[in-house]
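Trainee: Just coords_17.txt, nothing more (compact mmCIF, C-alpha atoms and all ligand atoms):
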# COMPACT_ATOMS: atom_id res chain seq x y z
CA MET A 179 -55.31 -128.85 215.17
CA THR A 180 -52.83 -126.19 214.10
CA SER A 181 -50.45 -127.17 211.33
CA PRO A 182 -47.24 -128.66 212.62
CA THR A 183 -43.97 -126.98 211.72
CA THR A 184 -41.66 -128.88 209.39
CA GLU A 185 -39.28 -129.32 212.38
CA GLU A 186 -42.04 -131.14 214.26
CA VAL A 187 -42.67 -133.34 211.23
CA TRP A 188 -38.96 -134.23 211.00
CA ASP A 189 -39.09 -135.16 214.71
CA TRP A 190 -42.09 -137.41 214.16
CA LEU A 191 -40.44 -139.06 211.18
CA SER A 192 -37.39 -139.82 213.32
CA GLU A 193 -39.70 -142.16 215.26
CA VAL A 194 -40.43 -144.24 212.15
CA PRO A 195 -38.15 -147.29 212.11
CA ASP A 196 -36.77 -148.85 208.94
CA PRO A 197 -38.86 -152.03 208.50
CA GLU A 198 -35.88 -154.27 207.85
CA ILE A 199 -33.39 -152.68 210.27
CA PRO A 200 -35.66 -151.43 213.06
CA VAL A 201 -32.82 -150.01 215.18
CA ILE A 202 -32.45 -147.07 212.82
CA SER A 203 -35.07 -144.61 211.69
CA VAL A 204 -35.99 -143.57 208.18
CA THR A 205 -34.46 -140.15 208.84
CA GLU A 206 -31.18 -141.67 210.07
CA LEU A 207 -31.13 -143.82 206.95
CA GLY A 208 -31.23 -140.59 204.95
CA ILE A 209 -34.16 -141.51 202.75
CA VAL A 210 -36.44 -138.64 203.80
CA ARG A 211 -35.23 -135.92 201.45
CA GLU A 212 -37.61 -133.06 202.10
CA VAL A 213 -40.56 -131.95 204.19
CA ARG A 214 -42.46 -128.97 202.88
CA ARG A 215 -45.88 -127.36 202.70
CA GLU A 216 -47.86 -126.74 199.54
CA GLY A 217 -50.78 -124.66 200.75
CA ASP A 218 -52.56 -126.91 203.23
CA THR A 219 -50.85 -130.04 202.01
CA LEU A 220 -47.89 -131.52 203.81
CA VAL A 221 -45.46 -133.00 201.27
CA VAL A 222 -42.82 -135.54 202.27
CA ALA A 223 -40.26 -136.56 199.66
CA VAL A 224 -38.80 -140.04 200.08
CA THR A 225 -36.07 -141.67 198.02
CA PRO A 226 -35.67 -145.45 197.63
CA THR A 227 -32.47 -147.14 198.81
CA TYR A 228 -32.40 -149.75 196.04
CA SER A 229 -34.79 -149.33 193.14
CA GLY A 230 -36.33 -152.76 193.66
CA CYS A 231 -36.26 -152.76 197.46
CA PRO A 232 -39.48 -154.36 198.70
CA ALA A 233 -39.29 -152.24 201.85
CA THR A 234 -40.01 -149.06 199.87
CA ALA A 235 -43.78 -149.56 199.83
CA VAL A 236 -43.79 -150.52 203.52
CA ILE A 237 -41.80 -147.40 204.40
CA ASP A 238 -44.34 -145.22 202.58
CA LEU A 239 -47.14 -146.84 204.53
CA GLU A 240 -45.38 -146.41 207.86
CA ILE A 241 -44.58 -142.77 207.24
CA GLU A 242 -48.19 -142.16 206.33
CA ALA A 243 -49.45 -144.04 209.39
CA LYS A 244 -47.18 -142.06 211.72
CA LEU A 245 -48.26 -138.70 210.32
CA ARG A 246 -51.95 -139.66 210.41
CA GLU A 247 -51.49 -140.73 214.03
CA LYS A 248 -50.10 -137.25 214.73
CA GLY A 249 -53.21 -135.72 213.24
CA VAL A 250 -52.01 -134.83 209.74
CA THR A 251 -54.90 -135.24 207.32
CA ASP A 252 -53.73 -133.45 204.19
CA LEU A 253 -50.65 -135.39 203.13
CA ARG A 254 -48.79 -136.31 199.97
CA LEU A 255 -45.80 -138.59 199.66
CA GLU A 256 -43.47 -137.88 196.81
CA ARG A 257 -41.01 -140.37 195.35
CA ARG A 258 -37.72 -138.62 194.63
CA LEU A 259 -35.11 -140.31 192.45
CA SER A 260 -32.50 -137.60 192.00
CA PRO A 261 -29.94 -137.40 193.32
CA PRO A 262 -29.88 -141.15 193.96
CA TRP A 263 -29.58 -142.35 197.53
CA THR A 264 -26.08 -143.03 198.78
CA THR A 265 -24.90 -144.75 201.95
CA ASP A 266 -23.01 -141.51 202.68
CA TRP A 267 -26.38 -140.12 203.80
CA ILE A 268 -26.64 -142.56 206.70
CA ALA A 269 -26.29 -140.51 209.90
CA SER A 270 -23.13 -141.11 211.93
CA GLU A 271 -25.13 -142.06 215.07
CA ALA A 272 -26.87 -144.70 212.98
CA ARG A 273 -23.55 -146.31 212.09
CA ASP A 274 -22.94 -147.21 215.74
CA LYS A 275 -26.50 -148.49 216.07
CA LEU A 276 -25.97 -150.71 213.02
CA ARG A 277 -22.78 -152.12 214.50
CA ARG A 278 -24.45 -152.85 217.83
CA TYR A 279 -27.25 -154.56 215.92
CA GLY A 280 -24.72 -156.86 214.26
CA ILE A 281 -24.47 -155.17 210.86
CA ALA A 282 -21.13 -153.74 209.80
CA PRO A 283 -21.77 -150.15 208.65
CA PRO A 284 -20.67 -149.04 205.17
CA VAL A 285 -17.00 -148.22 204.80
CA GLU A 286 -16.93 -144.66 203.52
CA GLY A 287 -15.51 -143.82 200.16
CA THR A 288 -16.23 -147.22 198.62
CA ALA A 289 -19.55 -146.41 196.94
CA SER A 290 -20.08 -147.92 193.53
CA GLY A 291 -19.36 -145.05 191.22
CA GLY A 292 -19.75 -146.21 187.68
CA LEU A 293 -17.69 -148.19 185.23
CA MET A 294 -14.25 -146.90 185.95
CA ALA A 295 -14.72 -147.42 189.65
CA ALA A 296 -16.06 -150.90 189.03
CA ARG A 297 -13.02 -151.83 186.96
CA ALA A 298 -10.66 -150.39 189.50
CA ALA A 299 -12.43 -152.22 192.29
CA ARG A 300 -12.35 -155.48 190.39
CA LEU A 301 -8.72 -155.20 189.45
CA ALA A 302 -7.74 -154.20 192.95
CA GLY A 303 -9.96 -156.91 194.39
CA SER A 304 -12.60 -154.99 196.31
CA SER A 305 -13.12 -158.14 198.33
CA ASN A 306 -9.95 -157.07 200.13
CA LEU A 307 -11.94 -154.16 201.53
CA SER A 308 -11.37 -154.12 205.28
CA VAL A 309 -14.70 -154.52 207.04
CA ALA A 310 -14.42 -154.88 210.81
CA CYS A 311 -16.43 -157.64 212.47
CA PRO A 312 -19.35 -156.00 214.32
CA ARG A 313 -19.14 -158.68 217.00
CA CYS A 314 -15.48 -158.88 218.00
CA GLY A 315 -14.01 -155.92 216.12
CA SER A 316 -11.47 -158.02 214.25
CA ALA A 317 -10.34 -156.76 210.87
CA ARG A 318 -9.70 -160.31 209.71
CA THR A 319 -12.91 -160.83 207.80
CA GLU A 320 -13.76 -162.11 204.34
CA LYS A 321 -16.52 -161.52 201.85
CA VAL A 322 -18.75 -164.53 201.28
CA SER A 323 -21.00 -162.84 198.71
CA GLN A 324 -21.59 -159.33 197.43
CA TYR A 325 -25.31 -160.09 197.81
CA GLY A 326 -26.88 -160.74 201.18
CA SER A 327 -30.18 -161.04 202.98
CA THR A 328 -31.52 -157.77 201.54
CA PRO A 329 -30.49 -155.71 198.49
CA CYS A 330 -28.46 -153.31 200.63
CA LYS A 331 -26.29 -155.91 202.33
CA ALA A 332 -23.37 -158.18 201.51
CA ALA A 333 -22.55 -161.40 203.36
CA TYR A 334 -19.27 -161.52 205.31
CA ARG A 335 -17.57 -163.88 207.73
CA CYS A 336 -15.17 -163.17 210.56
CA THR A 337 -12.13 -165.44 210.52
CA ASP A 338 -11.37 -164.75 214.19
CA CYS A 339 -14.69 -165.31 215.96
CA LEU A 340 -15.99 -167.29 212.97
CA GLU A 341 -19.39 -165.57 212.99
CA PRO A 342 -21.09 -164.69 209.73
CA PHE A 343 -22.41 -161.13 209.54
CA ASP A 344 -24.09 -158.65 207.23
CA TYR A 345 -22.19 -155.72 205.77
CA PHE A 346 -24.20 -152.68 204.73
CA LYS A 347 -22.57 -152.22 201.34
CA CYS A 348 -21.90 -148.84 199.84
CA ILE A 349 -23.79 -147.42 196.94
CA MET B 206 -39.98 -160.88 202.09
CA PRO B 207 -43.09 -158.87 201.14
CA SER B 208 -44.53 -158.74 197.65
CA LEU B 209 -42.77 -157.30 194.64
CA PRO B 210 -41.95 -153.64 195.11
CA ASP B 211 -44.17 -150.92 193.82
CA MET B 212 -45.47 -152.94 190.87
CA THR B 213 -48.62 -153.33 192.92
CA THR B 214 -48.92 -149.95 194.56
CA PRO B 215 -50.82 -147.76 192.12
CA LYS B 216 -49.87 -144.47 193.72
CA VAL B 217 -46.26 -144.95 192.75
CA GLU B 218 -47.30 -144.63 189.11
CA THR B 219 -48.34 -141.07 189.74
CA LEU B 220 -45.26 -140.44 191.84
CA GLY B 221 -43.01 -141.78 189.06
CA GLY B 222 -40.10 -139.43 189.34
CA GLY B 223 -42.20 -136.30 189.56
CA THR B 224 -40.23 -134.31 192.03
CA GLY B 225 -42.06 -131.12 191.31
CA VAL B 226 -38.59 -129.66 191.18
CA GLU B 227 -37.53 -130.10 187.58
CA GLN B 228 -39.74 -130.35 184.55
CA ASP B 229 -38.75 -132.48 181.60
CA PRO B 230 -40.11 -131.08 178.34
CA HIS B 231 -39.22 -134.26 176.44
CA VAL B 232 -41.93 -136.18 178.28
CA SER B 233 -44.74 -134.12 176.75
CA ASP B 234 -43.13 -133.48 173.35
CA ALA B 235 -45.71 -134.80 170.85
CA ALA B 236 -43.15 -135.02 168.03
CA LEU B 237 -40.98 -137.34 170.12
CA ARG B 238 -43.80 -139.40 171.56
CA ALA B 239 -43.70 -142.47 169.30
CA PRO B 240 -39.93 -143.09 169.26
CA PHE B 241 -39.51 -142.10 172.91
CA PHE B 242 -42.21 -144.57 173.96
CA ASP B 243 -40.64 -147.31 171.87
CA TRP B 244 -37.20 -146.60 173.23
CA LEU B 245 -38.45 -146.65 176.84
CA CYS B 246 -40.12 -150.01 176.16
CA ARG B 247 -36.76 -151.33 174.94
CA MET B 248 -35.17 -150.23 178.20
CA GLY B 249 -37.97 -151.62 180.36
CA ASP B 250 -38.42 -154.85 178.40
CA ASN B 251 -34.71 -155.67 178.55
CA THR B 252 -34.74 -155.40 182.33
CA LEU B 253 -38.15 -157.09 182.67
CA ILE B 254 -37.31 -160.16 180.61
CA LEU B 255 -33.85 -160.65 182.11
CA SER B 256 -35.33 -160.17 185.57
CA HIS B 257 -37.92 -162.83 184.86
CA ARG B 258 -35.29 -165.27 183.62
CA LEU B 259 -33.19 -164.70 186.75
CA SER B 260 -36.20 -165.13 189.02
CA GLU B 261 -36.64 -168.63 187.56
CA TRP B 262 -33.51 -169.55 189.52
CA CYS B 263 -35.08 -168.61 192.84
CA GLY B 264 -34.91 -171.69 195.05
CA HIS B 265 -32.92 -173.60 192.41
CA GLY B 266 -29.51 -171.90 192.59
CA PRO B 267 -26.45 -174.19 192.76
CA ALA B 268 -25.46 -172.64 196.10
CA LEU B 269 -27.33 -170.51 198.60
CA GLU B 270 -25.15 -167.45 197.90
CA GLU B 271 -25.75 -167.74 194.16
CA ASP B 272 -29.47 -168.20 194.66
CA ILE B 273 -29.61 -165.03 196.76
CA ALA B 274 -27.43 -163.08 194.34
CA LEU B 275 -29.57 -164.07 191.35
CA ALA B 276 -32.77 -163.13 193.17
CA ASN B 277 -31.31 -159.81 194.29
CA THR B 278 -30.21 -159.01 190.76
CA ALA B 279 -33.68 -159.88 189.52
CA LEU B 280 -35.12 -157.55 192.14
CA ASP B 281 -32.91 -154.64 191.06
CA LEU B 282 -33.96 -155.20 187.47
CA ILE B 283 -37.66 -155.31 188.30
CA GLY B 284 -37.14 -151.98 190.07
CA HIS B 285 -35.61 -150.55 186.89
CA THR B 286 -38.48 -152.00 184.86
CA GLN B 287 -40.97 -150.21 187.09
CA MET B 288 -39.23 -146.90 186.47
CA TRP B 289 -38.74 -147.28 182.71
CA LEU B 290 -42.21 -148.61 181.94
CA ALA B 291 -43.93 -146.10 184.21
CA LEU B 292 -42.20 -143.35 182.26
CA ALA B 293 -43.11 -145.09 178.98
CA GLY B 294 -46.77 -145.04 180.01
CA GLU B 295 -46.52 -141.39 180.91
CA VAL B 296 -44.91 -140.49 177.58
CA GLU B 297 -47.50 -142.50 175.66
CA GLY B 298 -50.27 -140.59 177.42
CA GLN B 299 -52.92 -143.31 177.11
CA GLY B 300 -53.14 -143.95 180.83
CA ARG B 301 -51.26 -147.26 180.73
CA SER B 302 -49.33 -148.10 183.89
CA ALA B 303 -46.07 -150.04 184.17
CA ASP B 304 -48.13 -153.08 185.16
CA ASP B 305 -50.38 -152.70 182.11
CA LEU B 306 -47.36 -152.57 179.84
CA ALA B 307 -45.67 -155.54 181.50
CA TYR B 308 -48.65 -157.82 181.81
CA LEU B 309 -51.03 -156.91 179.00
CA ARG B 310 -48.89 -156.55 175.90
CA ASP B 311 -48.46 -159.34 173.39
CA VAL B 312 -45.22 -160.80 172.22
CA MET B 313 -44.90 -158.74 169.02
CA THR B 314 -44.94 -155.50 171.00
CA PHE B 315 -42.08 -156.51 173.31
CA ARG B 316 -38.85 -154.71 172.52
CA ASN B 317 -36.13 -156.59 174.40
CA VAL B 318 -33.07 -157.94 172.60
CA GLN B 319 -33.20 -161.66 171.83
CA LEU B 320 -30.18 -162.53 173.96
CA LEU B 321 -32.15 -161.90 177.14
CA GLU B 322 -35.05 -164.21 176.37
CA LEU B 323 -32.87 -167.30 175.80
CA PRO B 324 -33.43 -170.05 178.38
CA ASN B 325 -31.27 -170.14 181.51
CA GLY B 326 -29.65 -173.48 180.79
CA ASP B 327 -26.78 -174.09 183.19
CA MET B 328 -24.81 -171.54 185.22
CA ALA B 329 -22.43 -171.06 182.29
CA ARG B 330 -25.29 -169.80 180.14
CA THR B 331 -26.89 -167.74 182.90
CA THR B 332 -23.58 -166.17 183.88
CA MET B 333 -22.34 -165.48 180.34
CA ARG B 334 -25.66 -163.91 179.26
CA GLN B 335 -25.57 -161.71 182.37
CA PHE B 336 -22.00 -160.61 181.75
CA LEU B 337 -22.50 -159.81 178.06
CA PHE B 338 -25.54 -157.71 178.96
CA ASP B 339 -24.13 -156.13 182.15
CA ALA B 340 -21.16 -154.73 180.24
CA PHE B 341 -23.54 -153.15 177.71
CA HIS B 342 -26.03 -152.05 180.37
CA ALA B 343 -23.42 -150.31 182.51
CA ALA B 344 -21.92 -148.48 179.51
CA LEU B 345 -25.40 -147.38 178.39
CA LEU B 346 -26.54 -146.20 181.83
CA GLU B 347 -23.34 -144.25 182.31
CA LYS B 348 -24.06 -142.31 179.11
CA LEU B 349 -27.75 -141.93 179.97
CA SER B 350 -26.86 -140.34 183.31
CA GLY B 351 -26.00 -137.28 181.21
CA SER B 352 -29.19 -137.40 179.11
CA THR B 353 -30.92 -134.15 178.16
CA SER B 354 -34.08 -135.81 179.53
CA LEU B 355 -33.85 -135.24 183.27
CA ARG B 356 -36.25 -138.09 183.93
CA VAL B 357 -34.11 -140.52 181.92
CA ALA B 358 -30.94 -139.22 183.56
CA GLY B 359 -32.46 -139.68 187.03
CA ILE B 360 -33.48 -143.29 186.42
CA ALA B 361 -30.13 -144.09 184.79
CA ALA B 362 -28.09 -142.62 187.64
CA LYS B 363 -30.10 -144.65 190.14
CA ALA B 364 -29.86 -147.88 188.13
CA LEU B 365 -26.15 -147.48 187.39
CA LYS B 366 -25.22 -147.82 191.05
CA GLU B 367 -26.87 -151.22 191.16
CA VAL B 368 -25.70 -152.36 187.74
CA THR B 369 -22.12 -151.59 188.73
CA TYR B 370 -22.46 -154.37 191.30
CA HIS B 371 -24.08 -156.65 188.71
CA LEU B 372 -21.11 -156.19 186.39
CA GLU B 373 -18.62 -156.71 189.17
CA ARG B 374 -20.30 -159.96 190.13
CA SER B 375 -20.75 -161.36 186.63
CA SER B 376 -17.16 -160.43 185.68
CA ASP B 377 -15.84 -162.25 188.74
CA LEU B 378 -17.89 -165.32 187.93
CA VAL B 379 -16.86 -165.36 184.27
CA VAL B 380 -13.23 -165.33 185.38
CA ARG B 381 -13.80 -167.99 187.99
CA LEU B 382 -15.68 -170.33 185.67
CA GLY B 383 -13.62 -169.58 182.56
CA ASP B 384 -10.32 -170.03 184.37
CA GLY B 385 -11.76 -172.86 186.45
CA THR B 386 -11.96 -176.57 185.82
CA GLU B 387 -11.68 -178.16 182.41
CA ASP B 388 -15.43 -178.70 182.41
CA SER B 389 -16.37 -175.18 183.48
CA HIS B 390 -13.93 -173.68 180.96
CA ALA B 391 -15.36 -175.78 178.13
CA ARG B 392 -18.92 -174.85 179.03
CA MET B 393 -18.10 -171.16 179.20
CA GLN B 394 -16.34 -171.18 175.82
CA THR B 395 -19.19 -173.14 174.19
CA THR B 396 -21.71 -170.70 175.62
CA LEU B 397 -19.72 -167.67 174.57
CA ASP B 398 -19.53 -169.04 171.01
CA ALA B 399 -23.27 -169.72 171.03
CA PHE B 400 -24.25 -166.30 172.39
CA TRP B 401 -21.85 -164.23 170.33
CA PRO B 402 -24.15 -164.00 167.27
CA TYR B 403 -26.80 -162.44 169.55
CA THR B 404 -24.60 -159.69 170.97
CA GLY B 405 -24.54 -157.50 167.88
CA GLU B 406 -28.21 -156.61 168.28
CA MET B 407 -27.43 -154.46 171.31
CA PHE B 408 -25.39 -152.12 169.11
CA LEU B 409 -27.64 -151.89 166.06
CA GLY B 410 -29.27 -148.51 165.63
CA ASP B 411 -32.49 -147.71 163.80
CA ASP B 412 -34.87 -144.75 163.37
CA VAL B 413 -35.91 -144.88 167.01
CA ASP B 414 -32.30 -144.67 168.15
CA ALA B 415 -31.61 -141.88 165.69
CA ALA B 416 -34.52 -139.83 167.04
CA MET B 417 -33.30 -140.35 170.60
CA ALA B 418 -29.76 -139.40 169.69
CA GLU B 419 -30.94 -136.30 167.86
CA ALA B 420 -32.90 -135.18 170.92
CA GLY B 421 -29.88 -135.85 173.12
CA ILE B 422 -31.84 -138.40 175.13
CA ALA B 423 -29.70 -141.45 174.41
CA PRO B 424 -26.42 -142.20 172.62
CA PRO B 425 -26.46 -144.06 169.30
CA PRO B 426 -26.04 -147.72 170.34
CA GLN B 427 -22.99 -148.20 168.13
CA ASP B 428 -21.15 -145.61 170.24
CA LEU B 429 -21.26 -148.00 173.19
CA ARG B 430 -19.36 -150.67 171.33
CA PRO B 431 -15.76 -149.55 172.08
CA GLU B 432 -16.35 -149.48 175.83
CA TRP B 433 -18.13 -152.85 175.70
CA ASP B 434 -15.31 -154.33 173.63
CA ARG B 435 -12.76 -153.09 176.13
CA VAL B 436 -14.54 -154.60 179.15
CA ILE B 437 -15.33 -157.86 177.35
CA ARG B 438 -11.77 -158.26 176.09
CA GLU B 439 -10.25 -157.55 179.48
CA VAL B 440 -12.46 -159.96 181.41
CA LEU B 441 -12.41 -162.74 178.80
CA ASP B 442 -8.63 -162.52 178.63
CA GLU B 443 -8.41 -162.98 182.36
CA ALA B 444 -10.92 -165.82 182.10
CA THR B 445 -8.73 -167.55 179.47
CA LEU B 446 -11.67 -167.49 177.06
CA ALA B 447 -11.27 -166.72 173.36
CA ILE B 448 -13.38 -164.08 171.64
CA PRO B 449 -15.25 -165.92 168.88
CA GLU B 450 -14.27 -165.19 165.33
CA ARG B 451 -17.76 -165.07 163.95
CA ARG B 452 -20.30 -162.43 163.14
CA ALA B 453 -22.02 -160.85 166.14
CA ASP B 454 -25.07 -159.44 164.35
CA VAL B 455 -26.82 -162.60 163.23
CA HIS B 456 -29.76 -163.01 165.58
CA LYS B 457 -31.56 -159.71 165.76
CA GLY B 458 -35.00 -158.17 165.55
CA GLY B 459 -36.04 -158.21 169.19
CA LYS B 460 -35.85 -154.42 169.33
CA THR B 461 -38.58 -154.22 166.71
CA GLY B 462 -40.69 -157.10 168.00
CA ARG B 463 -39.28 -160.12 166.19
CA HIS B 464 -38.51 -162.67 168.85
CA THR B 465 -37.36 -166.23 169.33
CA GLU B 466 -39.96 -168.85 170.24
CA HIS B 467 -38.85 -168.55 173.87
CA LEU B 468 -40.43 -165.19 174.62
CA GLY B 469 -43.97 -166.47 174.14
CA TYR B 470 -43.40 -169.10 176.81
CA ILE B 471 -42.04 -166.49 179.21
CA LEU B 472 -45.07 -164.26 178.71
CA ALA B 473 -47.48 -167.18 179.07
CA GLU B 474 -46.14 -167.74 182.55
CA MET B 475 -45.48 -164.13 183.53
CA GLN B 476 -48.80 -162.75 182.30
CA PHE B 477 -51.06 -165.65 183.21
CA LEU B 478 -52.42 -164.20 186.43
CA GLN B 479 -53.30 -160.77 185.05
CA ARG B 480 -54.84 -162.33 181.95
CA ALA B 481 -56.90 -164.85 183.89
CA TYR B 482 -57.87 -162.51 186.73
CA PRO B 483 -57.77 -158.97 185.30
CA GLY B 484 -56.91 -156.34 187.88
CA ALA B 485 -55.87 -158.84 190.54
CA SER B 486 -53.56 -157.35 193.16
CA TRP B 487 -52.22 -158.24 196.60
ZN ZN C 501 -15.53 -161.49 214.80
Transcribe the structure of this file into structure tokens.
Mentor:
Amino acid sequence: MTSPTTEEVWDWLSEVPDPEIPVISVTELGIVREVRREGDTLVVAVTPTYSGCPATAVIDLEIEAKLREKGVTDLRLERRLSPPWTTDWIASEARDKLRRYGIAPPVEGTASGGLMAARAARLAGSSNLSVACPRCGSARTEKVSQYGSTPCKAAYRCTDCLEPFDYFKCI
Amino acid sequence: MPSLPDMTTPKVETLGGGTGVEQDPHVSDAALRAPFFDWLCRMGDNTLILSHRLSEWCGHGPALEEDIALANTALDLIGHTQMWLALAGEVEGQGRSADDLAYLRDVMTFRNVQLLELPNGDMARTTMRQFLFDAFHAALLEKLSGSTSLRVAGIAAKALKEVTYHLERSSDLVVRLGDGTEDSHARMQTTLDAFWPYTGEMFLGDDVDAAMAEAGIAPPPQDLRPEWDRVIREVLDEATLAIPERRADVHKGGKTGRHTEHLGYILAEMQFLQRAYPGASW
């Protein structure tokens, strides 16, 4: 086959779902950082969400499987650490998909930004962060735990409809 | 949940942080090799041993939320371990992977501080140990984000985002338990008094640290002390806990391989599988 353009590769990658949140793709999640050619080799740079996230290895496998399925034979996946992934890279369309899936999307501008930010957040009580319930839309919600079902999520509860839900926390 | 991340996928070793974008001359600097390797083992062993201790809580936490938080923290730290030890292996240049370094070294070659190998005990001990280390860890990573070694800076910037959450959580818990019931307050104060003589080791510098500081790779550990003191003082005040009036630099030596009896037991469990079935993977 003729070599695909990088635009075609980006399109194909947008069909690869995140293994833990299958309603959004790896490109919407913002973890595919670059697609380029080095001679005959197609290079795809991927960044991890959390450094210990067990999904990272699965994502690599799924990206590889998708590109092989499309006929790419000469392929290299690159792990890119810098700059570190941030929830700001999640595409805006994906935020609605997350909400419809029952996960409250990250509230912008609340990423963990080092010591000073951590102190400020603690003193101000970051648990007072207003996260709208993805089910009923109520702003009356409370944090149950900063750590949830996966590294990227915190556990919340809605005090109106009483449902527990995941919040995609900012980093 | 699938298996541990990356520790078992060999290709990640070669991917390390090699972006092909920026080269890091420190990594191949022969004059720096010995201290840089040692220093990277200190970084990776601290996160590895604490991660292992936290993972011992998995399924035993006092509440579901705590169990999940402890496991998630352990997972973050194992991710950091993978990055630090993979880089250590690369700097050493003997072909050892992060797994080789984690599973096939003996106790005398481990470089973690002694505080982190102490048994979990109750939640007072687990929480206080975490807090004392988190405050140091966050201050260190913040400085390392500006390291002249781009590889070190990249790992630190990534890890700092996660460690910021660790510190937020452990600070909250210290306040809640310290300023909690009579029993929880007493346990927290007793633990703080018991751990205090271990904390000084984090700030002791030696030749390895001096070589790193000279190369601009890492700050001298003693420079982290004021920031640590500030965070510790602020949180302990709020937790109604008293800073012990005793020497902090009593129990030390972990950074150069002198450990408490506890580390051997950790390694016996952690390394058993790779020792008994060399090369086993899943
Ligand atoms: Zn609701």
Trainee: Please find the residues contacting ligand ZN 501 (chain C) at a distance of at most 6 Å between atoms, with all atoms listed in the file counted, and report them as JSON, numbers by chain.
Mentor: {"A": [311, 313, 314, 315, 316, 336, 338, 339, 341]}
Trainee: I need every residue sitting at most 9 Å from the point (-35.7, -162.1, 168.7) (coordinates as in the file, all atoms listed in the file considered), written as a list in words.
Mentor: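 So the residues meeting the distance criterion are Arg316, Asn317, Val318, Gln319, Leu320, Glu322, Tyr403, His456, Lys457, Gly458, Gly459, Lys460, Thr461, Gly462, Arg463, His464, Thr465, Glu466, His467 and Leu468 of chain B.
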Trainee: Taking only C-alpha atoms into account, report as JSON, numbers by chain which residues of chain A lie within 6 Å of chain B.
Mentor: {"A": [229, 230, 232, 256, 257, 258, 259, 260, 262, 290, 292, 325, 329]}
Trainee: I'd like to know which of B:Ile437, B:Ala303, B:Ala399, B:Met475 is closest to Glu261 in chain B, using all atoms listed in the file.
Mentor: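 Closest residue, counting all atoms listed in the file: B:Met475.
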Trainee: What is the CA of Gly351 in chain B-CA of Ala293 in chain B distance in Å, reported with one decimal?
Mentor: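 Separation between CA of Gly351 in chain B and CA of Ala293 in chain B: 18.9 Å.
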Trainee: Residues around (-45.3, -137.1, 174.0), cut-off 12 Å, counting all atoms listed in the file - what are they as a list in words?
Mentor: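 Applying the cut-off with all atoms listed in the file, one gets Asp229, Pro230, His231, Val232, Ser233, Asp234, Ala235, Ala236, Leu237, Arg238, Ala239, Pro240, Phe241, Phe242, Asp243, Leu292, Ala293, Gly294, Glu295, Val296, Glu297, Gly298 and Gln299 of chain B.
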Trainee: At a cut-off of 12 Å, using only C-alpha atoms, what residues contact Phe400 in chain B? Leave out same-chain residues fewer than 6 positions from it and give the result as a PDB file with C-alpha atoms, in the coordinates of the input.
Mentor:
ATOM      1  CA  GLN B 319     -33.200-161.660 171.830  1.00  0.00           C
ATOM      2  CA  LEU B 320     -30.180-162.530 173.960  1.00  0.00           C
ATOM      3  CA  LEU B 321     -32.150-161.900 177.140  1.00  0.00           C
ATOM      4  CA  GLU B 322     -35.050-164.210 176.370  1.00  0.00           C
ATOM      5  CA  LEU B 323     -32.870-167.300 175.800  1.00  0.00           C
ATOM      6  CA  PRO B 324     -33.430-170.050 178.380  1.00  0.00           C
ATOM      7  CA  ALA B 329     -22.430-171.060 182.290  1.00  0.00           C
ATOM      8  CA  ARG B 330     -25.290-169.800 180.140  1.00  0.00           C
ATOM      9  CA  THR B 331     -26.890-167.740 182.900  1.00  0.00           C
ATOM     10  CA  THR B 332     -23.580-166.170 183.880  1.00  0.00           C
ATOM     11  CA  MET B 333     -22.340-165.480 180.340  1.00  0.00           C
ATOM     12  CA  ARG B 334     -25.660-163.910 179.260  1.00  0.00           C
ATOM     13  CA  GLN B 335     -25.570-161.710 182.370  1.00  0.00           C
ATOM     14  CA  PHE B 336     -22.000-160.610 181.750  1.00  0.00           C
ATOM     15  CA  LEU B 337     -22.500-159.810 178.060  1.00  0.00           C
ATOM     16  CA  PHE B 338     -25.540-157.710 178.960  1.00  0.00           C
ATOM     17  CA  MET B 393     -18.100-171.160 179.200  1.00  0.00           C
ATOM     18  CA  GLN B 394     -16.340-171.180 175.820  1.00  0.00           C
ATOM     19  CA  GLU B 406     -28.210-156.610 168.280  1.00  0.00           C
ATOM     20  CA  ILE B 448     -13.380-164.080 171.640  1.00  0.00           C
ATOM     21  CA  PRO B 449     -15.250-165.920 168.880  1.00  0.00           C
ATOM     22  CA  ARG B 451     -17.760-165.070 163.950  1.00  0.00           C
ATOM     23  CA  ARG B 452     -20.300-162.430 163.140  1.00  0.00           C
ATOM     24  CA  ALA B 453     -22.020-160.850 166.140  1.00  0.00           C
ATOM     25  CA  ASP B 454     -25.070-159.440 164.350  1.00  0.00           C
ATOM     26  CA  VAL B 455     -26.820-162.600 163.230  1.00  0.00           C
ATOM     27  CA  HIS B 456     -29.760-163.010 165.580  1.00  0.00           C
ATOM     28  CA  LYS B 457     -31.560-159.710 165.760  1.00  0.00           C
TER      29      LYS B 457
END
Trainee: For Glu216 in chain A, which residue out of A:Glu193, A:Glu286, A:Glu185, A:Asp252 is the nearest one, using only C-alpha atoms?
Mentor: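 For Glu216 in chain A, the nearest of the given residues is A:Asp252.
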Trainee: Separation of CA of Gly385 in chain B and CA of Thr445 in chain B, in Å?
Mentor: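 CA of Thr445 in chain B lies at a distance of 9.3 Å from CA of Gly385 in chain B.
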